[in-house]
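Structure file upload_22.cif with mmCIF, C-alpha atoms:
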```
data_input
loop_
_atom_site.label_atom_id
_atom_site.label_comp_id
_atom_site.auth_asym_id
_atom_site.auth_seq_id
_atom_site.Cartn_x
_atom_site.Cartn_y
_atom_site.Cartn_z
CA MET O 1 0.00 0.00 0.00
CA THR O 2 1.25 3.47 -0.79
CA ALA O 3 0.22 6.80 0.63
CA SER O 4 -0.11 8.37 -2.82
CA ARG O 5 -3.74 9.50 -2.56
CA VAL O 6 -3.25 10.85 0.95
CA LEU O 7 -0.12 12.75 -0.12
CA GLU O 8 -1.79 14.10 -3.25
CA ARG O 9 -4.64 15.47 -1.17
CA LEU O 10 -2.21 17.00 1.30
CA ASP O 11 -0.52 18.73 -1.62
CA GLU O 12 -3.87 20.17 -2.74
CA LEU O 13 -4.51 21.57 0.73
CA TYR O 14 -0.97 22.89 1.01
CA ALA O 15 -1.33 24.86 -2.23
CA ILE O 16 -4.22 26.92 -0.84
CA GLY O 17 -3.18 30.53 -0.30
CA GLY O 18 -0.21 30.43 -2.64
CA GLY O 19 2.50 30.00 0.02
CA PRO O 20 5.03 30.16 1.35
CA GLY O 21 3.80 27.28 3.48
CA ALA O 22 0.22 26.48 4.45
CA ASN O 23 -2.03 29.51 4.77
CA ARG O 24 -5.44 28.40 6.03
CA VAL O 25 -5.92 30.51 9.13
CA GLY O 26 -9.15 29.77 11.03
CA GLY O 27 -12.11 31.71 9.63
CA SER O 28 -10.30 32.62 6.43
CA ALA O 29 -11.18 31.92 2.82
CA GLY O 30 -8.31 29.42 2.86
CA GLU O 31 -9.92 27.36 5.62
CA ASP O 32 -13.25 27.55 3.75
CA ARG O 33 -11.62 26.21 0.57
CA ALA O 34 -9.99 23.37 2.54
CA HIS O 35 -13.38 22.35 3.93
CA GLU O 36 -14.85 22.39 0.42
CA LEU O 37 -12.14 20.03 -0.79
CA ALA O 38 -12.56 17.70 2.19
CA ALA O 39 -16.34 17.64 1.72
CA ALA O 40 -15.85 16.47 -1.87
CA TRP O 41 -13.44 13.75 -0.74
CA MET O 42 -15.92 12.59 1.91
CA GLU O 43 -18.66 12.35 -0.69
CA GLU O 44 -16.31 10.46 -2.98
CA ALA O 45 -15.75 8.01 -0.10
CA GLY O 46 -19.50 7.43 0.14
CA LEU O 47 -20.05 9.37 3.34
CA ALA O 48 -23.13 11.40 4.18
CA VAL O 49 -21.77 14.92 4.59
CA GLU O 50 -23.08 17.73 6.78
CA VAL O 51 -21.84 20.95 8.36
CA ASP O 52 -22.84 21.62 11.96
CA PRO O 53 -23.77 25.10 13.30
CA ALA O 54 -20.15 25.76 14.31
CA GLY O 55 -18.92 25.03 10.78
CA ASN O 56 -17.42 21.63 11.59
CA LEU O 57 -17.46 19.29 8.60
CA ILE O 58 -18.70 15.77 9.35
CA GLY O 59 -18.94 12.74 7.07
CA ARG O 60 -20.78 9.67 8.34
CA THR O 61 -21.31 6.06 7.36
CA SER O 62 -24.44 4.24 8.48
CA ASP O 63 -22.55 3.23 11.66
CA PRO O 64 -20.85 6.44 12.90
CA ALA O 65 -20.14 5.47 16.52
CA VAL O 66 -16.35 5.89 16.20
CA LEU O 67 -15.34 9.39 15.12
CA THR O 68 -11.91 10.21 13.75
CA GLY O 69 -10.38 13.37 12.32
CA SER O 70 -8.56 16.58 13.14
CA HIS O 71 -8.51 20.15 11.77
CA LEU O 72 -7.82 21.85 8.45
CA ASP O 73 -6.85 25.34 9.59
CA SER O 74 -3.18 26.27 9.83
CA VAL O 75 -0.95 28.91 11.30
CA PRO O 76 0.30 31.48 8.77
CA GLN O 77 3.07 29.94 6.65
CA GLY O 78 2.53 26.62 8.41
CA GLY O 79 3.43 23.06 7.57
CA ARG O 80 2.01 20.52 5.14
CA PHE O 81 0.93 17.90 7.70
CA ASP O 82 -0.26 19.67 10.86
CA GLY O 83 -3.98 18.95 11.24
CA ALA O 84 -4.53 18.20 7.56
CA LEU O 85 -2.98 14.72 7.77
CA GLY O 86 -5.45 13.73 10.47
CA VAL O 87 -8.44 14.65 8.30
CA VAL O 88 -7.18 13.16 5.04
CA ALA O 89 -6.05 9.94 6.77
CA ALA O 90 -9.41 9.69 8.53
CA ILE O 91 -11.28 9.83 5.22
CA GLU O 92 -9.01 7.11 3.85
CA ALA O 93 -9.36 4.90 6.93
CA VAL O 94 -13.15 5.19 7.22
CA GLU O 95 -13.54 4.47 3.51
CA ARG O 96 -11.49 1.29 3.89
CA VAL O 97 -13.33 0.09 6.98
CA GLY O 98 -16.79 1.10 5.77
CA ARG O 99 -17.79 2.18 9.27
CA GLY O 100 -17.23 5.24 11.41
CA ALA O 101 -17.34 8.97 10.88
CA VAL O 102 -14.88 11.71 9.92
CA VAL O 103 -14.68 15.23 11.30
CA ALA O 104 -12.76 18.33 10.26
CA PHE O 105 -12.98 20.73 13.19
CA ARG O 106 -12.92 24.47 12.63
CA SER O 107 -10.25 26.82 13.96
CA GLU O 108 -8.11 24.55 16.12
CA GLU O 109 -5.07 26.82 15.98
CA THR O 110 -7.01 29.76 17.42
CA GLY O 111 -8.26 27.90 20.49
CA CYS O 112 -10.04 24.68 19.44
CA ILE O 113 -13.14 26.69 18.59
CA GLY O 114 -14.83 24.01 16.51
CA SER O 115 -14.25 21.08 18.85
CA ASN O 116 -15.40 23.07 21.88
CA ALA O 117 -18.62 23.96 20.06
CA PHE O 118 -19.02 20.33 18.98
CA VAL O 119 -18.89 18.91 22.52
CA ALA O 120 -21.13 21.69 23.84
CA ALA O 121 -23.82 20.90 21.27
CA GLY O 122 -23.71 17.09 21.44
CA PRO O 123 -24.52 14.26 20.94
CA LEU O 124 -21.05 12.81 21.46
CA PRO O 125 -19.53 9.76 19.73
CA SER O 126 -18.73 6.50 21.50
CA PHE O 127 -15.00 6.95 20.74
CA PHE O 128 -12.71 9.49 19.12
CA LEU O 129 -9.36 8.87 17.43
CA GLU O 130 -7.00 11.57 16.18
CA LEU O 131 -3.98 11.01 13.98
CA HIS O 132 -1.45 13.85 14.06
CA VAL O 133 2.20 14.52 13.39
CA GLU O 134 4.27 14.62 16.57
CA GLN O 135 5.56 18.19 16.06
CA GLY O 136 8.60 17.27 18.11
CA PRO O 137 11.89 15.30 17.91
CA VAL O 138 11.25 12.30 20.19
CA LEU O 139 10.14 9.71 17.62
CA GLU O 140 12.87 10.69 15.16
CA ARG O 141 15.50 10.33 17.89
CA LEU O 142 14.15 6.90 18.80
CA ASP O 143 13.90 5.85 15.12
CA ALA O 144 10.22 5.03 15.71
CA PRO O 145 7.70 5.69 12.91
CA LEU O 146 4.66 6.08 15.19
CA GLY O 147 3.94 6.96 18.79
CA LEU O 148 1.09 6.14 21.16
CA VAL O 149 -0.04 9.28 22.98
CA THR O 150 -0.64 8.87 26.72
CA GLY O 151 -2.12 12.30 27.35
CA VAL O 152 -2.16 15.97 26.42
CA VAL O 153 -0.63 18.63 28.63
CA GLY O 154 -2.64 21.40 30.20
CA ILE O 155 -2.25 24.85 28.70
CA VAL O 156 -2.75 28.27 30.24
CA ARG O 157 -2.38 31.50 28.32
CA GLY O 158 -2.41 35.04 29.63
CA GLU O 159 -0.70 38.41 29.47
CA ARG O 160 1.60 40.38 31.72
CA ILE O 161 1.81 44.16 31.41
CA PHE O 162 4.69 46.27 32.72
CA GLU O 163 4.56 50.05 32.98
CA GLY O 164 7.01 52.76 33.96
CA PRO O 165 7.82 56.39 33.29
CA GLY O 166 8.91 57.01 29.73
CA GLY O 167 11.40 59.63 28.79
CA HIS O 168 14.12 60.78 26.47
CA ALA O 169 16.75 58.14 25.79
CA GLY O 170 19.56 60.62 26.21
CA THR O 171 18.50 62.92 29.06
CA VAL O 172 17.25 60.59 31.83
CA PRO O 173 20.14 59.24 33.96
CA MET O 174 20.24 55.45 34.31
CA ALA O 175 19.80 55.68 38.08
CA ASP O 176 16.51 57.54 37.61
CA ARG O 177 14.89 55.15 35.14
CA GLY O 178 11.98 52.74 35.63
CA ASP O 179 12.22 51.22 32.16
CA ALA O 180 9.19 48.99 31.51
CA LEU O 181 11.14 46.86 29.04
CA VAL O 182 13.81 46.09 31.62
CA ALA O 183 11.12 44.87 34.03
CA ALA O 184 9.59 42.78 31.25
CA ALA O 185 12.98 41.29 30.39
CA GLU O 186 13.51 40.29 34.00
CA TYR O 187 10.11 38.59 33.93
CA VAL O 188 11.06 36.64 30.79
CA LEU O 189 14.10 35.26 32.59
CA HIS O 190 11.96 34.48 35.64
CA ALA O 191 9.51 32.55 33.45
CA ARG O 192 12.32 30.43 32.06
CA ALA O 193 13.65 29.67 35.53
CA ALA O 194 10.19 28.90 36.91
CA ALA O 195 9.43 26.38 34.15
CA ARG O 196 12.84 24.73 34.51
CA GLY O 197 12.12 24.26 38.20
CA ILE O 198 8.97 22.18 37.56
CA GLU O 199 9.47 18.79 35.94
CA ASP O 200 8.23 18.61 32.33
CA ALA O 201 6.76 22.13 32.48
CA VAL O 202 7.43 24.75 29.82
CA ALA O 203 6.78 28.48 29.54
CA THR O 204 6.99 30.65 26.45
CA ILE O 205 6.89 34.39 25.88
CA GLY O 206 5.82 34.47 22.26
CA ARG O 207 4.90 38.10 21.72
CA VAL O 208 6.32 41.37 23.03
CA GLU O 209 4.61 44.70 22.36
CA VAL O 210 6.64 47.77 23.34
CA GLU O 211 5.17 51.28 23.61
CA PRO O 212 5.81 53.80 22.26
CA GLY O 213 8.22 51.66 20.25
CA PHE O 214 10.58 54.40 19.11
CA GLY O 215 14.35 54.13 19.12
CA ASN O 216 15.16 57.18 21.27
CA VAL O 217 12.29 56.86 23.79
CA ILE O 218 12.47 54.89 27.04
CA PRO O 219 9.69 52.24 26.89
CA SER O 220 6.76 53.13 29.13
CA ARG O 221 4.55 50.09 28.57
CA VAL O 222 5.29 46.50 27.57
CA ARG O 223 2.77 43.70 27.02
CA LEU O 224 3.93 40.08 27.04
CA SER O 225 1.98 37.03 25.90
CA VAL O 226 2.61 34.04 28.17
CA ASP O 227 2.01 30.37 27.32
CA ALA O 228 2.43 27.91 30.21
CA ARG O 229 2.14 24.11 29.94
CA ALA O 230 2.47 21.13 32.28
CA PRO O 231 1.43 17.47 32.25
CA ASP O 232 -0.98 17.59 35.20
CA ALA O 233 -3.16 20.09 37.03
CA GLU O 234 -0.93 20.29 40.11
CA ARG O 235 2.17 21.25 38.16
CA LEU O 236 0.18 23.56 35.90
CA ASP O 237 -1.31 25.41 38.87
CA CYS O 238 2.16 25.72 40.42
CA LEU O 239 3.58 27.19 37.22
CA VAL O 240 0.68 29.63 36.81
CA ALA O 241 1.20 30.84 40.38
CA GLU O 242 4.94 31.27 39.83
CA LEU O 243 4.26 33.31 36.71
CA GLY O 244 1.56 35.45 38.34
CA LEU O 245 -0.84 34.77 35.50
CA GLU O 246 -4.53 35.55 35.29
CA PRO O 247 -5.53 33.05 32.58
CA THR O 248 -7.41 34.22 29.51
CA PHE O 249 -7.41 30.62 28.19
CA ARG O 250 -7.12 27.31 29.99
CA LEU O 251 -7.16 23.76 28.63
CA GLU O 252 -6.97 21.12 31.35
CA PRO O 253 -4.48 18.25 31.05
CA VAL O 254 -6.14 14.99 30.03
CA GLU O 255 -5.23 11.32 29.72
CA MET O 256 -6.11 9.20 26.74
CA ALA O 257 -8.65 6.47 27.52
CA ARG O 258 -7.74 2.81 27.95
CA GLU O 259 -9.96 1.28 25.26
CA PRO O 260 -8.88 3.42 22.27
CA ARG O 261 -5.28 3.27 23.48
CA ASP O 262 -5.53 -0.53 23.56
CA ALA O 263 -6.96 -0.55 20.04
CA LEU O 264 -4.04 1.52 18.75
CA ARG O 265 -1.54 -0.53 20.76
CA GLY O 266 -2.91 -3.79 19.38
CA SER O 267 -2.65 -2.47 15.85
CA LEU O 268 0.96 -1.40 16.39
CA GLU O 269 1.92 -4.72 17.97
CA ALA O 270 0.23 -6.71 15.19
CA ARG O 271 2.59 -5.03 12.73
CA GLY O 272 5.68 -5.52 14.86
CA ILE O 273 6.04 -1.79 15.49
CA PRO O 274 7.66 -0.91 18.83
CA VAL O 275 5.12 0.81 21.07
CA VAL O 276 6.60 4.16 22.04
CA GLU O 277 4.45 6.03 24.54
CA LEU O 278 4.74 9.79 24.89
CA ALA O 279 2.71 12.74 26.09
CA SER O 280 1.73 15.56 23.77
CA GLY O 281 3.14 18.96 24.62
CA ALA O 282 0.83 20.59 22.07
CA GLY O 283 -2.89 21.10 22.46
CA HIS O 284 -5.24 19.17 20.19
CA ASP O 285 -8.93 18.73 19.47
CA ALA O 286 -8.51 15.27 21.02
CA ALA O 287 -7.94 16.93 24.40
CA VAL O 288 -11.26 18.78 24.12
CA LEU O 289 -13.19 15.58 23.41
CA ALA O 290 -11.36 13.67 26.14
CA ALA O 291 -12.13 16.42 28.66
CA ALA O 292 -15.81 16.15 27.66
CA GLY O 293 -15.81 12.46 28.59
CA VAL O 294 -15.41 10.90 25.14
CA PRO O 295 -13.03 7.88 25.31
CA THR O 296 -10.21 9.22 23.16
CA GLY O 297 -7.02 7.86 21.62
CA MET O 298 -4.29 9.61 19.70
CA LEU O 299 -1.56 8.39 17.37
CA PHE O 300 1.53 10.40 16.44
CA VAL O 301 3.40 10.16 13.15
CA ARG O 302 7.14 10.78 13.28
CA SER O 303 8.14 14.36 12.44
CA LEU O 304 11.43 14.69 10.57
CA ASN O 305 13.94 17.56 10.29
CA GLY O 306 14.37 17.55 14.07
CA GLY O 307 10.64 17.59 14.70
CA VAL O 308 10.11 21.12 13.40
CA SER O 309 6.48 22.13 12.90
CA HIS O 310 4.35 25.18 12.14
CA THR O 311 6.80 26.00 9.33
CA PRO O 312 7.16 24.95 5.67
CA GLU O 313 10.06 22.71 6.78
CA GLU O 314 7.61 20.36 8.55
CA GLU O 315 8.06 16.85 7.12
CA SER O 316 6.95 13.23 7.57
CA SER O 317 7.89 10.38 5.26
CA PRO O 318 5.47 8.70 2.83
CA GLU O 319 6.28 5.36 4.45
CA ASP O 320 5.35 6.60 7.93
CA VAL O 321 2.15 8.17 6.61
CA ALA O 322 1.12 4.94 4.87
CA LEU O 323 1.79 2.95 8.02
CA ALA O 324 -0.19 5.41 10.14
CA VAL O 325 -3.24 5.10 7.90
CA GLU O 326 -3.08 1.31 8.20
CA VAL O 327 -2.86 1.50 11.99
CA LEU O 328 -5.70 4.01 12.19
CA ALA O 329 -7.97 1.84 10.03
CA ASP O 330 -7.15 -1.27 12.06
CA ALA O 331 -7.80 0.59 15.33
CA LEU O 332 -11.22 1.63 13.98
CA ARG O 333 -12.05 -2.01 13.28
CA ARG O 334 -10.90 -3.06 16.73
CA LEU O 335 -13.04 -0.41 18.43
CA PHE O 336 -16.12 -1.50 16.51
CA VAL O 337 -15.51 -5.11 17.53
CA SER O 338 -15.10 -4.03 21.15
CA SER O 339 -18.22 -1.89 20.97
CA SER O 340 -20.23 -4.81 19.52
CA ARG O 341 -19.09 -7.10 22.32
CA GLN O 342 -20.14 -4.55 24.92
CA ARG O 343 -23.59 -4.21 23.35
CA SER O 344 -24.02 -7.99 23.23
CA ARG O 345 -23.39 -8.24 26.97
CA LEU O 346 -26.09 -5.70 27.81
#
```

Once you've parsed the file, please lay out its structure as structure tokens.
Amino acid sequence: MTASRVLERLDELYAIGGGPGANRVGGSAGEDRAHELAAAWMEEAGLAVEVDPAGNLIGRTSDPAVLTGSHLDSVPQGGRFDGALGVVAAIEAVERVGRGAVVAFRSEETGCIGSNAFVAAGPLPSFFLELHVEQGPVLERLDAPLGLVTGVVGIVRGERIFEGPGGHAGTVPMADRGDALVAAAEYVLHARAAARGIEDAVATIGRVEVEPGFGNVIPSRVRLSVDARAPDAERLDCLVAELGLEPTFRLEPVEMAREPRDALRGSLEARGIPVVELASGAGHDAAVLAAAGVPTGMLFVRSLNGGVSHTPEEESSPEDVALAVEVLADALRRLFVSSSRQRSRL
């Protein structure tokens, strides 16, 4: 089996927006075009296609109890595989199995908008599986094509604002300054130290806005964006306290459920693939469904080039992609068998 059709469809999605990279930001015409393409592929696969009130695209067979998919939006100048692989592979897997349902959630990169609306509206599926590229270097370092996700870290986002008296860059003595940018810089170093002091926690200052932003004026106001992540609620709460954050966004850490994890594990083992377990440091739609009580499993595909993602340099091999689709389809079959056994015992 080759991954030719999957890769061809990924190329079609990647071409939207004209580059460089993927340009399908949530809510844009690019994301709309991607959903139009995916809807046509779902129909080609024989699925009944609908769009829910939040704009999520869903394709169903007559037995849709197991849902699989991901998102089609991207960051600006993003990678070929992030999100899109999970949707295209889901269409392929469900077509092969002849059972299940496929979803393309809206606006994952801007806060899992589509998946949050989906779980709020209900009804929820019996299981959810998400295939995604790792977006990190672990699997490449271990020479492992696929990884079994154990859980998704919790994420808190917020802002810190620092203010001080502005002034002329040449006339205010250094001893008399209360430079807001200096205070912000000290906080950046504090954030790094705080995250290093908590096992497996990370903190990122991804945006700095300096006012008035002129070369010969002492900064009087600085706004920092802060992204804090940790594998469990206790460590996440500790990091948030250390950083003095008032969250504007919070996604709780979640574990993947036993049954879908076992289905993925069994599929890996049946093919002689070493089972590498790892947590996801990135947020995913899978975390939203898991937090809503849907038994959820997640499979990672090895990211190459050192695991780089959210850039045009993002890469996974055709061989790994083909193998991932096989494992996903087999896991779907296993979950349907398990679900049938449960129903027969009732």

I'd like the contact shell of O:Ala292 - 9 Å cut-off, all atoms listed in the file, skipping same-chain residues fewer than 2 positions apart - returned as a ChimeraX atom specification. /O:119-120,124,287-290,294

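Nearest to O:Leu245 of all the residues O:Ala15, O:Ala101, O:Ile161, O:Leu85 is O:Ile161, counting only C-alpha atoms.
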
At a cut-off of 9 Å, using only C-alpha atoms, what residues contact O:Leu236? Leave out same-chain residues fewer than 4 positions from it and give the result as a VMD selection string.
chain O and resid 153 to 156 201 228 to 232 240 to 241 252 to 253

Around all the atoms of stretch 322-327 of chain O listed in the file, with 6 Å of room on each side, what axis-aligned box do you get, giving centre and edge lengths in Å to one decimal, as lines of an AutoDock Vina configuration file?
```
center_x = -0.7
center_y = 3.4
center_z = 8.4
size_x = 17.0
size_y = 16.1
size_z = 19.1
```

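Taking atom CA of O:Glu36 and atom CA of O:Val49 as endpoints, the distance between them is 11.0 Å.
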